[in-house]
Every structure is written in C-alpha cells, then in structure tokens.
file final05.cif (mmCIF, C-alpha atoms and all ligand atoms)
data_run
#
loop_
_atom_site.group_PDB
_atom_site.id
_atom_site.type_symbol
_atom_site.label_atom_id
_atom_site.label_comp_id
_atom_site.auth_asym_id
_atom_site.auth_seq_id
_atom_site.Cartn_x
_atom_site.Cartn_y
_atom_site.Cartn_z
ATOM 1 C CA MET A 230 -109.542 120.001 155.540
ATOM 2 C CA ASN A 231 -113.068 120.406 156.854
ATOM 3 C CA TYR A 232 -114.076 123.609 158.552
ATOM 4 C CA LYS A 233 -117.424 124.834 159.783
ATOM 5 C CA ASN A 234 -116.957 128.509 158.897
ATOM 6 C CA LEU A 235 -114.377 128.355 156.106
ATOM 7 C CA LEU A 236 -114.399 127.053 152.557
ATOM 8 C CA VAL A 237 -111.019 126.016 151.156
ATOM 9 C CA GLU A 238 -110.293 125.286 147.503
ATOM 10 C CA ILE A 239 -106.865 124.474 146.113
ATOM 11 C CA GLU A 240 -106.264 124.643 142.380
ATOM 12 C CA ASN A 241 -103.131 125.304 140.324
ATOM 13 C CA LYS A 242 -101.046 126.031 143.448
ATOM 14 C CA ILE A 243 -103.518 128.697 144.614
ATOM 15 C CA ALA A 244 -105.599 128.201 147.757
ATOM 16 C CA VAL A 245 -108.762 130.264 148.095
ATOM 17 C CA VAL A 246 -109.929 130.547 151.709
ATOM 18 C CA THR A 247 -113.476 131.918 151.977
ATOM 19 C CA ILE A 248 -114.833 132.998 155.344
ATOM 20 C CA ASN A 249 -118.313 131.563 155.201
ATOM 21 C CA ARG A 250 -120.824 133.011 157.654
ATOM 22 C CA PRO A 251 -122.783 135.144 155.180
ATOM 23 C CA GLU A 252 -125.835 135.389 157.456
ATOM 24 C CA LYS A 253 -123.598 137.260 159.947
ATOM 25 C CA LEU A 254 -121.674 139.110 157.217
ATOM 26 C CA ASN A 255 -118.745 136.746 157.895
ATOM 27 C CA ALA A 256 -118.169 138.192 161.371
ATOM 28 C CA LEU A 257 -115.241 136.537 163.123
ATOM 29 C CA ASN A 258 -116.405 134.513 166.117
ATOM 30 C CA SER A 259 -113.789 132.646 168.150
ATOM 31 C CA GLU A 260 -114.512 129.409 166.286
ATOM 32 C CA THR A 261 -113.662 131.143 162.997
ATOM 33 C CA ILE A 262 -110.489 132.648 164.471
ATOM 34 C CA ASN A 263 -109.409 129.138 165.558
ATOM 35 C CA GLU A 264 -110.204 127.761 162.118
ATOM 36 C CA LEU A 265 -108.196 130.552 160.451
ATOM 37 C CA ASP A 266 -105.275 129.675 162.721
ATOM 38 C CA ALA A 267 -105.512 126.030 161.679
ATOM 39 C CA VAL A 268 -106.032 126.592 157.955
ATOM 40 C CA PHE A 269 -103.151 129.048 157.513
ATOM 41 C CA THR A 270 -100.807 126.721 159.421
ATOM 42 C CA GLU A 271 -101.932 123.840 157.223
ATOM 43 C CA LEU A 272 -101.576 125.820 153.985
ATOM 44 C CA ASN A 273 -98.138 127.076 154.972
ATOM 45 C CA ASN A 274 -97.030 123.447 155.252
ATOM 46 C CA ASN A 275 -98.773 122.313 152.064
ATOM 47 C CA GLU A 276 -96.150 121.932 149.301
ATOM 48 C CA ASN A 277 -98.943 122.095 146.726
ATOM 49 C CA VAL A 278 -99.808 125.691 147.647
ATOM 50 C CA PHE A 279 -97.771 128.709 146.529
ATOM 51 C CA VAL A 280 -100.195 131.608 147.094
ATOM 52 C CA ILE A 281 -103.264 132.059 149.309
ATOM 53 C CA ILE A 282 -106.274 134.252 148.561
ATOM 54 C CA LEU A 283 -108.552 135.258 151.439
ATOM 55 C CA THR A 284 -112.091 136.424 150.713
ATOM 56 C CA GLY A 285 -115.609 136.499 152.166
ATOM 57 C CA SER A 286 -118.746 134.630 151.253
ATOM 58 C CA GLY A 287 -121.696 136.414 149.610
ATOM 59 C CA LYS A 288 -121.908 139.727 147.789
ATOM 60 C CA LYS A 289 -122.124 142.042 150.773
ATOM 61 C CA ALA A 290 -119.191 141.469 153.081
ATOM 62 C CA PHE A 291 -115.566 140.447 153.243
ATOM 63 C CA VAL A 292 -115.703 140.402 157.070
ATOM 64 C CA ALA A 293 -117.953 142.781 159.081
ATOM 65 C CA GLY A 294 -115.735 142.561 162.158
ATOM 66 C CA ALA A 295 -115.287 140.512 165.260
ATOM 67 C CA ASP A 296 -118.550 138.914 166.347
ATOM 68 C CA ILE A 297 -120.179 141.591 168.499
ATOM 69 C CA SER A 298 -122.335 139.055 170.375
ATOM 70 C CA GLU A 299 -119.098 137.492 171.704
ATOM 71 C CA LEU A 300 -117.391 140.865 172.206
ATOM 72 C CA SER A 301 -120.213 142.094 174.413
ATOM 73 C CA LYS A 302 -119.419 139.429 177.031
ATOM 74 C CA LEU A 303 -115.727 140.234 177.492
ATOM 75 C CA ASP A 304 -114.250 141.309 180.813
ATOM 76 C CA GLU A 305 -110.722 142.651 181.327
ATOM 77 C CA LYS A 306 -109.025 139.239 181.498
ATOM 78 C CA SER A 307 -110.924 137.590 178.651
ATOM 79 C CA ALA A 308 -110.595 140.770 176.525
ATOM 80 C CA LYS A 309 -106.802 140.650 176.777
ATOM 81 C CA MET A 310 -106.776 136.974 175.792
ATOM 82 C CA PHE A 311 -109.222 137.695 172.948
ATOM 83 C CA SER A 312 -107.003 140.477 171.610
ATOM 84 C CA GLU A 313 -103.749 138.509 171.975
ATOM 85 C CA LYS A 314 -105.196 135.435 170.297
ATOM 86 C CA GLY A 315 -106.411 137.426 167.269
ATOM 87 C CA GLN A 316 -103.116 139.317 167.101
ATOM 88 C CA LYS A 317 -101.194 136.037 167.030
ATOM 89 C CA VAL A 318 -103.370 134.515 164.299
ATOM 90 C CA PHE A 319 -103.178 137.659 162.162
ATOM 91 C CA SER A 320 -99.410 137.999 162.666
ATOM 92 C CA ASN A 321 -99.016 134.394 161.515
ATOM 93 C CA ILE A 322 -100.932 135.273 158.358
ATOM 94 C CA GLU A 323 -98.742 138.335 157.772
ATOM 95 C CA THR A 324 -95.462 136.479 158.246
ATOM 96 C CA MET A 325 -96.269 133.249 156.413
ATOM 97 C CA GLU A 326 -93.674 132.014 153.957
ATOM 98 C CA LYS A 327 -96.243 132.301 151.178
ATOM 99 C CA PRO A 328 -97.940 135.478 149.938
ATOM 100 C CA VAL A 329 -101.508 136.061 151.124
ATOM 101 C CA ILE A 330 -103.760 138.294 149.021
ATOM 102 C CA ALA A 331 -106.993 139.715 150.442
ATOM 103 C CA ALA A 332 -109.791 139.871 147.852
ATOM 104 C CA VAL A 333 -111.983 142.351 149.717
ATOM 105 C CA ASN A 334 -115.464 141.907 148.285
ATOM 106 C CA GLY A 335 -117.591 144.129 150.552
ATOM 107 C CA TYR A 336 -117.558 145.364 154.152
ATOM 108 C CA ALA A 337 -114.121 145.033 155.791
ATOM 109 C CA LEU A 338 -114.868 146.538 159.181
ATOM 110 C CA GLY A 339 -113.126 146.207 162.529
ATOM 111 C CA GLY A 340 -111.475 142.760 162.598
ATOM 112 C CA GLY A 341 -112.298 142.518 158.859
ATOM 113 C CA CYS A 342 -110.180 145.568 158.107
ATOM 114 C CA GLU A 343 -107.509 144.203 160.460
ATOM 115 C CA ILE A 344 -107.308 140.796 158.792
ATOM 116 C CA ALA A 345 -107.092 142.528 155.393
ATOM 117 C CA LEU A 346 -104.253 144.659 156.798
ATOM 118 C CA ALA A 347 -102.454 141.480 157.886
ATOM 119 C CA CYS A 348 -102.575 140.145 154.317
ATOM 120 C CA ASN A 349 -99.552 141.006 152.195
ATOM 121 C CA ILE A 350 -101.577 142.477 149.305
ATOM 122 C CA ARG A 351 -105.103 143.937 149.282
ATOM 123 C CA VAL A 352 -107.326 144.131 146.202
ATOM 124 C CA ALA A 353 -110.932 145.300 146.498
ATOM 125 C CA SER A 354 -114.241 145.332 144.669
ATOM 126 C CA GLU A 355 -115.950 148.637 143.899
ATOM 127 C CA ASN A 356 -118.456 148.065 146.708
ATOM 128 C CA ALA A 357 -115.784 147.395 149.355
ATOM 129 C CA VAL A 358 -116.002 149.536 152.483
ATOM 130 C CA PHE A 359 -113.182 149.594 155.025
ATOM 131 C CA GLY A 360 -113.254 150.994 158.529
ATOM 132 C CA GLN A 361 -112.336 150.660 162.175
ATOM 133 C CA PRO A 362 -115.685 151.459 163.819
ATOM 134 C CA GLU A 363 -114.780 149.975 167.226
ATOM 135 C CA VAL A 364 -115.019 153.408 168.858
ATOM 136 C CA ASN A 365 -118.781 153.213 168.240
ATOM 137 C CA LEU A 366 -118.811 150.208 170.585
ATOM 138 C CA GLY A 367 -116.690 151.903 173.246
ATOM 139 C CA ILE A 368 -113.555 149.954 172.338
ATOM 140 C CA ILE A 369 -110.534 150.242 170.034
ATOM 141 C CA PRO A 370 -109.178 147.885 167.375
ATOM 142 C CA GLY A 371 -107.679 144.856 169.161
ATOM 143 C CA TYR A 372 -106.320 142.690 166.349
ATOM 144 C CA GLY A 373 -103.347 144.874 165.382
ATOM 145 C CA GLY A 374 -105.322 147.605 163.588
ATOM 146 C CA THR A 375 -103.911 150.546 165.537
ATOM 147 C CA GLN A 376 -100.419 149.435 164.504
ATOM 148 C CA ARG A 377 -100.847 148.166 160.943
ATOM 149 C CA LEU A 378 -103.231 150.898 159.747
ATOM 150 C CA THR A 379 -100.949 153.585 161.174
ATOM 151 C CA ARG A 380 -97.863 152.108 159.520
ATOM 152 C CA LEU A 381 -99.674 151.751 156.198
ATOM 153 C CA ILE A 382 -101.495 155.057 155.760
ATOM 154 C CA ASN A 383 -99.706 157.420 158.246
ATOM 155 C CA SER A 384 -100.686 158.433 161.748
ATOM 156 C CA GLY A 385 -102.875 161.440 160.922
ATOM 157 C CA ARG A 386 -105.144 159.479 158.600
ATOM 158 C CA SER A 387 -105.150 156.407 160.828
ATOM 159 C CA ALA A 388 -106.101 158.516 163.862
ATOM 160 C CA GLU A 389 -108.940 160.118 161.915
ATOM 161 C CA TYR A 390 -110.445 156.775 160.894
ATOM 162 C CA ILE A 391 -109.950 155.076 164.278
ATOM 163 C CA LEU A 392 -111.234 158.059 166.295
ATOM 164 C CA THR A 393 -114.253 158.857 164.120
ATOM 165 C CA GLY A 394 -115.114 155.299 163.060
ATOM 166 C CA ASP A 395 -115.766 156.728 159.577
ATOM 167 C CA MET A 396 -116.104 154.276 156.702
ATOM 168 C CA ILE A 397 -113.537 154.280 153.885
ATOM 169 C CA LYS A 398 -115.043 153.588 150.469
ATOM 170 C CA ALA A 399 -113.053 151.666 147.859
ATOM 171 C CA ASP A 400 -111.994 154.706 145.806
ATOM 172 C CA GLU A 401 -110.697 156.456 148.923
ATOM 173 C CA ALA A 402 -108.972 153.226 150.041
ATOM 174 C CA LEU A 403 -107.175 153.173 146.694
ATOM 175 C CA LYS A 404 -106.168 156.827 146.997
ATOM 176 C CA ILE A 405 -104.624 156.375 150.461
ATOM 177 C CA GLY A 406 -102.807 153.133 149.613
ATOM 178 C CA LEU A 407 -105.006 150.821 151.648
ATOM 179 C CA VAL A 408 -105.674 148.724 148.544
ATOM 180 C CA ASN A 409 -103.602 148.173 145.410
ATOM 181 C CA LYS A 410 -106.374 147.850 142.842
ATOM 182 C CA ILE A 411 -110.162 147.976 142.464
ATOM 183 C CA TYR A 412 -112.296 145.781 140.204
ATOM 184 C CA THR A 413 -116.013 145.177 139.766
ATOM 185 C CA GLN A 414 -117.352 142.591 142.149
ATOM 186 C CA SER A 415 -117.799 140.057 139.344
ATOM 187 C CA GLU A 416 -114.207 140.548 138.139
ATOM 188 C CA LEU A 417 -112.529 140.606 141.546
ATOM 189 C CA LEU A 418 -111.713 136.958 142.232
ATOM 190 C CA ASN A 419 -110.532 136.237 138.679
ATOM 191 C CA LYS A 420 -108.293 139.306 138.684
ATOM 192 C CA VAL A 421 -106.807 138.312 142.052
ATOM 193 C CA LYS A 422 -106.274 134.781 140.714
ATOM 194 C CA GLU A 423 -104.439 136.296 137.712
ATOM 195 C CA MET A 424 -102.124 138.111 140.127
ATOM 196 C CA ALA A 425 -101.664 134.906 142.144
ATOM 197 C CA ASN A 426 -100.922 132.936 138.957
ATOM 198 C CA LYS A 427 -98.281 135.451 137.971
ATOM 199 C CA ILE A 428 -96.606 134.999 141.380
ATOM 200 C CA CYS A 429 -96.875 131.197 141.014
ATOM 201 C CA SER A 430 -95.019 131.380 137.680
ATOM 202 C CA LYS A 431 -91.894 132.838 139.356
ATOM 203 C CA GLY A 432 -89.220 130.891 141.199
ATOM 204 C CA GLN A 433 -90.811 130.193 144.559
ATOM 205 C CA PHE A 434 -87.546 130.300 146.489
ATOM 206 C CA ALA A 435 -87.110 133.918 145.378
ATOM 207 C CA VAL A 436 -90.768 134.685 146.169
ATOM 208 C CA ARG A 437 -90.378 133.317 149.699
ATOM 209 C CA MET A 438 -87.089 135.090 150.312
ATOM 210 C CA ALA A 439 -88.664 138.350 149.123
ATOM 211 C CA MET A 440 -91.551 137.777 151.572
ATOM 212 C CA LYS A 441 -89.088 137.209 154.412
ATOM 213 C CA ALA A 442 -87.172 140.399 153.600
ATOM 214 C CA ILE A 443 -90.397 142.433 153.320
ATOM 215 C CA ASN A 444 -91.772 140.996 156.550
ATOM 216 C CA ILE A 445 -88.839 141.977 158.744
ATOM 217 C CA VAL A 446 -89.094 145.637 157.784
ATOM 218 C CA ASP A 447 -91.013 146.581 160.934
ATOM 219 C CA GLU A 448 -88.794 144.510 163.223
ATOM 220 C CA VAL A 449 -85.306 145.795 162.452
ATOM 221 C CA SER A 450 -83.362 148.958 161.598
ATOM 222 C CA ASP A 451 -82.809 149.889 157.938
ATOM 223 C CA LYS A 452 -79.180 148.767 158.211
ATOM 224 C CA GLU A 453 -80.143 145.363 159.643
ATOM 225 C CA GLY A 454 -82.857 145.021 157.004
ATOM 226 C CA GLN A 455 -80.395 145.744 154.208
ATOM 227 C CA ASN A 456 -77.905 143.245 155.696
ATOM 228 C CA TYR A 457 -80.674 140.638 155.772
ATOM 229 C CA GLU A 458 -81.606 141.487 152.178
ATOM 230 C CA ALA A 459 -77.986 140.941 151.073
ATOM 231 C CA SER A 460 -77.900 137.534 152.820
ATOM 232 C CA VAL A 461 -81.091 136.223 151.234
ATOM 233 C CA PHE A 462 -80.145 137.775 147.865
ATOM 234 C CA ALA A 463 -76.970 135.683 148.077
ATOM 235 C CA LEU A 464 -78.970 132.560 148.939
ATOM 236 C CA CYS A 465 -81.117 133.081 145.831
ATOM 237 C CA CYS A 466 -77.921 133.071 143.739
ATOM 238 C CA LEU A 467 -77.236 129.496 144.904
ATOM 239 C CA THR A 468 -80.441 128.156 143.329
ATOM 240 C CA GLU A 469 -81.095 126.368 140.045
ATOM 241 C CA ASP A 470 -83.837 128.945 139.482
ATOM 242 C CA PHE A 471 -81.209 131.706 139.422
ATOM 243 C CA ILE A 472 -79.217 129.840 136.751
ATOM 244 C CA GLU A 473 -82.426 129.182 134.795
ATOM 245 C CA GLY A 474 -83.750 132.758 135.132
ATOM 246 C CA THR A 475 -80.539 134.457 134.041
ATOM 247 C CA SER A 476 -79.817 131.888 131.275
ATOM 248 C CA ALA A 477 -83.354 132.206 129.903
ATOM 249 C CA PHE A 478 -82.974 135.997 129.721
ATOM 250 C CA LEU A 479 -79.643 135.765 127.903
ATOM 251 C CA GLU A 480 -80.982 133.068 125.549
ATOM 252 C CA LYS A 481 -84.118 135.167 124.869
ATOM 253 C CA ARG A 482 -86.568 132.512 126.065
ATOM 254 C CA LYS A 483 -89.067 132.149 128.891
ATOM 255 C CA PRO A 484 -87.672 130.617 132.085
ATOM 256 C CA THR A 485 -89.020 127.361 133.473
ATOM 257 C CA PHE A 486 -88.492 127.471 137.196
ATOM 258 C CA LYS A 487 -88.192 124.276 139.216
ATOM 259 C CA ASN A 488 -88.453 126.059 142.557
ATOM 260 C CA LYS A 489 -85.072 124.689 143.562
HETATM 261 N N1 LIG B 1 -120.876 140.792 164.692
HETATM 262 C C1 LIG B 1 -121.966 140.037 164.802
HETATM 263 N N2 LIG B 1 -122.974 140.078 163.913
HETATM 264 C C2 LIG B 1 -122.860 140.925 162.899
HETATM 265 C C3 LIG B 1 -121.741 141.758 162.715
HETATM 266 C C4 LIG B 1 -120.718 141.664 163.668
HETATM 267 N N3 LIG B 1 -119.598 142.372 163.585
HETATM 268 N N4 LIG B 1 -121.930 142.511 161.616
HETATM 269 C C5 LIG B 1 -123.114 142.156 161.113
HETATM 270 N N5 LIG B 1 -123.683 141.199 161.874
HETATM 271 C C6 LIG B 1 -124.975 140.526 161.690
HETATM 272 C C7 LIG B 1 -126.136 141.431 162.069
HETATM 273 O O1 LIG B 1 -126.352 141.401 163.463
HETATM 274 C C8 LIG B 1 -127.242 140.789 161.293
HETATM 275 O O2 LIG B 1 -127.651 139.598 161.940
HETATM 276 P P1 LIG B 1 -129.232 139.284 162.167
HETATM 277 O O3 LIG B 1 -129.779 139.177 160.784
HETATM 278 O O4 LIG B 1 -129.218 137.978 162.902
HETATM 279 O O5 LIG B 1 -129.776 140.429 162.923
HETATM 280 C C9 LIG B 1 -126.560 140.349 160.014
HETATM 281 O O6 LIG B 1 -125.183 140.268 160.315
HETATM 282 C C10 LIG B 1 -126.730 141.339 158.865
HETATM 283 O O7 LIG B 1 -126.278 142.606 159.301
HETATM 284 P P2 LIG B 1 -127.168 143.937 159.203
HETATM 285 O O8 LIG B 1 -126.658 144.897 160.235
HETATM 286 O O9 LIG B 1 -128.626 143.614 159.242
HETATM 287 O O10 LIG B 1 -126.768 144.425 157.738
HETATM 288 P P3 LIG B 1 -126.816 145.910 157.184
HETATM 289 O O11 LIG B 1 -126.615 145.822 155.715
HETATM 290 O O12 LIG B 1 -128.001 146.653 157.679
HETATM 291 O O13 LIG B 1 -125.508 146.643 157.827
HETATM 292 C C11 LIG B 1 -123.201 146.762 158.498
HETATM 293 C C12 LIG B 1 -124.218 146.200 157.490
HETATM 294 C C13 LIG B 1 -121.852 146.130 158.184
HETATM 295 C C14 LIG B 1 -123.084 148.290 158.292
HETATM 296 C C15 LIG B 1 -123.664 146.441 159.942
HETATM 297 O O14 LIG B 1 -123.947 145.056 160.020
HETATM 298 C C16 LIG B 1 -122.638 146.761 160.988
HETATM 299 O O15 LIG B 1 -122.452 147.935 161.338
HETATM 300 N N6 LIG B 1 -121.964 145.723 161.525
HETATM 301 C C17 LIG B 1 -121.037 145.865 162.603
HETATM 302 C C18 LIG B 1 -119.722 146.478 162.096
HETATM 303 C C19 LIG B 1 -118.762 146.670 163.264
HETATM 304 O O16 LIG B 1 -118.983 147.477 164.147
HETATM 305 N N7 LIG B 1 -117.673 145.914 163.200
HETATM 306 C C20 LIG B 1 -116.619 146.027 164.180
HETATM 307 C C21 LIG B 1 -116.811 145.073 165.271
HETATM 308 S S1 LIG B 1 -115.501 145.217 166.422
#

call {"tool": "encode", "arguments": {"input": "final05.cif", "output": "structure tokens"}}
result
Amino acid sequence: MNYKNLLVEIENKIAVVTINRPEKLNALNSETINELDAVFTELNNNENVFVIILTGSGKKAFVAGADISELSKLDEKSAKMFSEKGQKVFSNIETMEKPVIAAVNGYALGGGCEIALACNIRVASENAVFGQPEVNLGIIPGYGGTQRLTRLINSGRSAEYILTGDMIKADEALKIGLVNKIYTQSELLNKVKEMANKICSKGQFAVRMAMKAINIVDEVSDKEGQNYEASVFALCCLTEDFIEGTSAFLEKRKPTFKNK
C-alpha cells in the first residue's frame, strides 16, 4: 500500500492511517479523498486488521478541512459531485465492518470535523479544536456534517456551531459528547491504541455484529433495529467464540477467542 498523502502502519491487528500533508495542515484535497477511499476499502478486506485508527500528521492538525484552493474553483455541477464523492467515502468509513477510531490530534475543521464524525469513536488531544467554519467561506458543510453533527449533539447546538462557525475546544467537545475522552498530545496515540487493543482482544465476530447493529440505527425504526439486533445476537450464539466466552466465565478463566 503506497499512498502519496497517507501513511499506513499495521501492527498487532491495528492499522494506523495518518493523513500526511502537514504543510497544509492535512487539508483534504481530492487526491487524499481518493486515497482514503482506497485505503479503507483495502483495510476492510485485510484479514490481518481488526481495528483502524485515523489521525493527522504533525502536532498542529488532525485535518484542517477540505482543501480551500480546490473548493474555490467549484461550480454548481462540480460542487455537487465533490460533495457526493466525500459523502460516499465518509459513509463507507462509518459503515465499515471494522471499528474506526479517530485520534484527533489538533484542528478538526470543516471536512476534518466531518471525517471525525464519520469515525465510530472519537478521542482527542487537549489541543484539539473542532468546528464547521464553512459559513465563513459562504458555504455549508458538504461531507455529511449537517446530518452527523446534528444527530450527535442535538439540533440547537449543531445549528449554533454551523451558523456561527465557532470553534469547539476539546473540553467543550467532551462536555457535549463530540469526543469520548481527552488525553495530552503525547499520550493520545498510545491511549487510542490501548482502546483498539482491548477491542482486538474480544471475539471479532461479535465486534463486527455489534458494529452492524449500531450502524443501522439511523436507517431503520426502533422496532426494525431491535429485530435486527435479535437476529445478529442469535448469529453470535452459533459461534465458537460464544462457547469459549461463556465457558471461560463459568470456569473462572480468561477467554481465548478464535474469531470463529
Ligand atoms: N485548505 C487548504 N490549505 C489550508 C487549509 C485548508 N482547509 N487549512 C490550512 N491550510 C494551509 C494554509 O493555507 C497554510 O498554507 P501556506 O503555508 O502555503 O500559506 C498552511 O496550511 C498553514 O495554515 P495557517 O493558516 O498558516 O496556520 P494557522 O496556524 O495560522 O491557522 C487554521 C490554522 C486552522 C486556523 C487556519 O489554517 C484555517 O482557518 N484553515 C482553514 C479552516 C477551514 O475553514 N476549514 C474548512 C474548509 S471547508
């Protein structure tokens, strides 16, 4: 896997994808969007990967947004394609079989906030700053931000941030549920890897079924969601991991899952 704007490391079933354009604060140009599309597809198919961590290169930014030099050239037709392409790539990240954790290590603005929102779990460093400042450019979020931010933090708060373009510092992001945890910048990646390792130690069939059930929540009614949950719960009970997990508990030992 060789990418111009991404670094990819795989170790102990954890893939770390680093967006690597630090001189542009990791802004997402179309080449980077295409590479993200390719890398997440590849990692989803890689049997050696259980969890993916997404982060940004350097100490200043996770992702400072879509690349404004490209944005400035859009007309109506190309803008629609631009938005739909990013939406598709981010939705693929959100609905992957494997959990994706955003390690937000600095500015997560515009498309940077939106890609973090598409990750299943967000953890931030103390210097992280979130925001949807598109209104300052005469546009609105176009990579799913109006939808995901509103679902996550409620419509009043989401409207305030999207309409004012105000920045959201890490402590506020924690308070409103935009991130799960905050660490110092030097601790961040190791702490996120600890979380990823914990997920890797569980039966992966159950992890993936849980992801599927969580991911359909916005698509279906509560009743349909609960029916789906019951079906995949039943599938989990057919696995060797279920026998191992329940036996290990009853025998007072740690389970060894085979992911079967
Ligand atoms: N698109 C393209 N380039 C960007 C960028 C973006 N979204 N964000 C930052 N950059 C570039 C800057 O143009 C600058 O490049 P240069 O050195 O070639 O001039 C470089 O990254 C460093 O950014 P700079 O603005 O000098 O850093 P700063 O510390 O003064 O400010 C920010 C940091 C994040 C506050 C500021 O860069 C910013 O507001 N960026 C745009 C955020 C935004 O509106 N995102 C939403 C886009 S839809």

call {"tool": "resolve_selection", "arguments": {"input": "final05.cif", "expression": "the PyMOL selection byres (((chain A and resi 398-410) around 9) and not hetatm)", "output": "PyMOL selection string"}}
result
chain A and resi 346+350-360+378+381-382+386+396-397+411-412

call {"tool": "resolve_selection", "arguments": {"input": "final05.cif", "expression": "the PyMOL selection byres (((chain A and resi 293) around 6) and not hetatm)", "output": "MDAnalysis selection string"}}
result
chainID A and resid 254 256 292 294 336:338 341

call {"tool": "resolve_selection", "arguments": {"input": "final05.cif", "expression": "the PyMOL selection byres (((not hetatm)) within 9 of (chain B and resi 1))", "output": "PyMOL selection string"}}
result
chain A and resi 250-258+289-290+292-300+335-342+358+360-366+368-371+394

call {"tool": "atom_distance", "arguments": {"input": "final05.cif", "atom1": "atom CA of A:Lys327", "atom2": "atom CA of A:Lys452"}}
result
24.7 Å

call {"tool": "atom_distance", "arguments": {"input": "final05.cif", "atom1": "atom CA of A:Glu313", "atom2": "atom CA of A:Ile262"}}
result
11.7 Å

call {"tool": "atom_distance", "arguments": {"input": "final05.cif", "atom1": "atom CA of A:Lys481", "atom2": "atom CA of A:Val280"}}
result
27.7 Å

call {"tool": "closest_residue", "arguments": {"input": "final05.cif", "among": "A:Glu343, A:Glu389, A:Glu453, A:Asp395", "to": "A:Gly373", "atoms": "all atoms listed in the file"}}
result
A:Glu343

call {"tool": "closest_residue", "arguments": {"input": "final05.cif", "among": "A:Ile391, A:Phe269, A:Gly474, A:Ala332", "to": "A:Thr379", "atoms": "only C-alpha atoms"}}
result
A:Ile391

call {"tool": "closest_residue", "arguments": {"input": "final05.cif", "among": "A:Val449, A:Leu265, A:Val333, A:Cys348", "to": "A:Asn231", "atoms": "only C-alpha atoms"}}
result
A:Leu265

call {"tool": "residues_around", "arguments": {"input": "final05.cif", "residues": "A:Asn488", "least_positions_apart": "5", "cutoff": "7 Å", "atoms": "all atoms listed in the file", "output": "number ranges by chain"}}
result
A: 432-434, 470

call {"tool": "closest_atom_pairs", "arguments": {"input": "final05.cif", "of": "stretch 340-428 of chain A", "to": "stretch 436-448 of chain A", "cutoff": "9 Å", "atoms": "all atoms listed in the file", "output": "CSV"}}
result
residue,atom,partner,partner_atom,distance
A:Asn349,CA,A:Met440,CA,8.7
A:Arg380,CA,A:Asp447,CA,8.9
A:Ile428,CA,A:Val436,CA,7.6

call {"tool": "closest_residue", "arguments": {"input": "final05.cif", "among": "A:Ser312, A:Asn321, A:Asn241, A:Asn334", "to": "A:Thr270", "atoms": "only C-alpha atoms"}}
result
A:Asn321
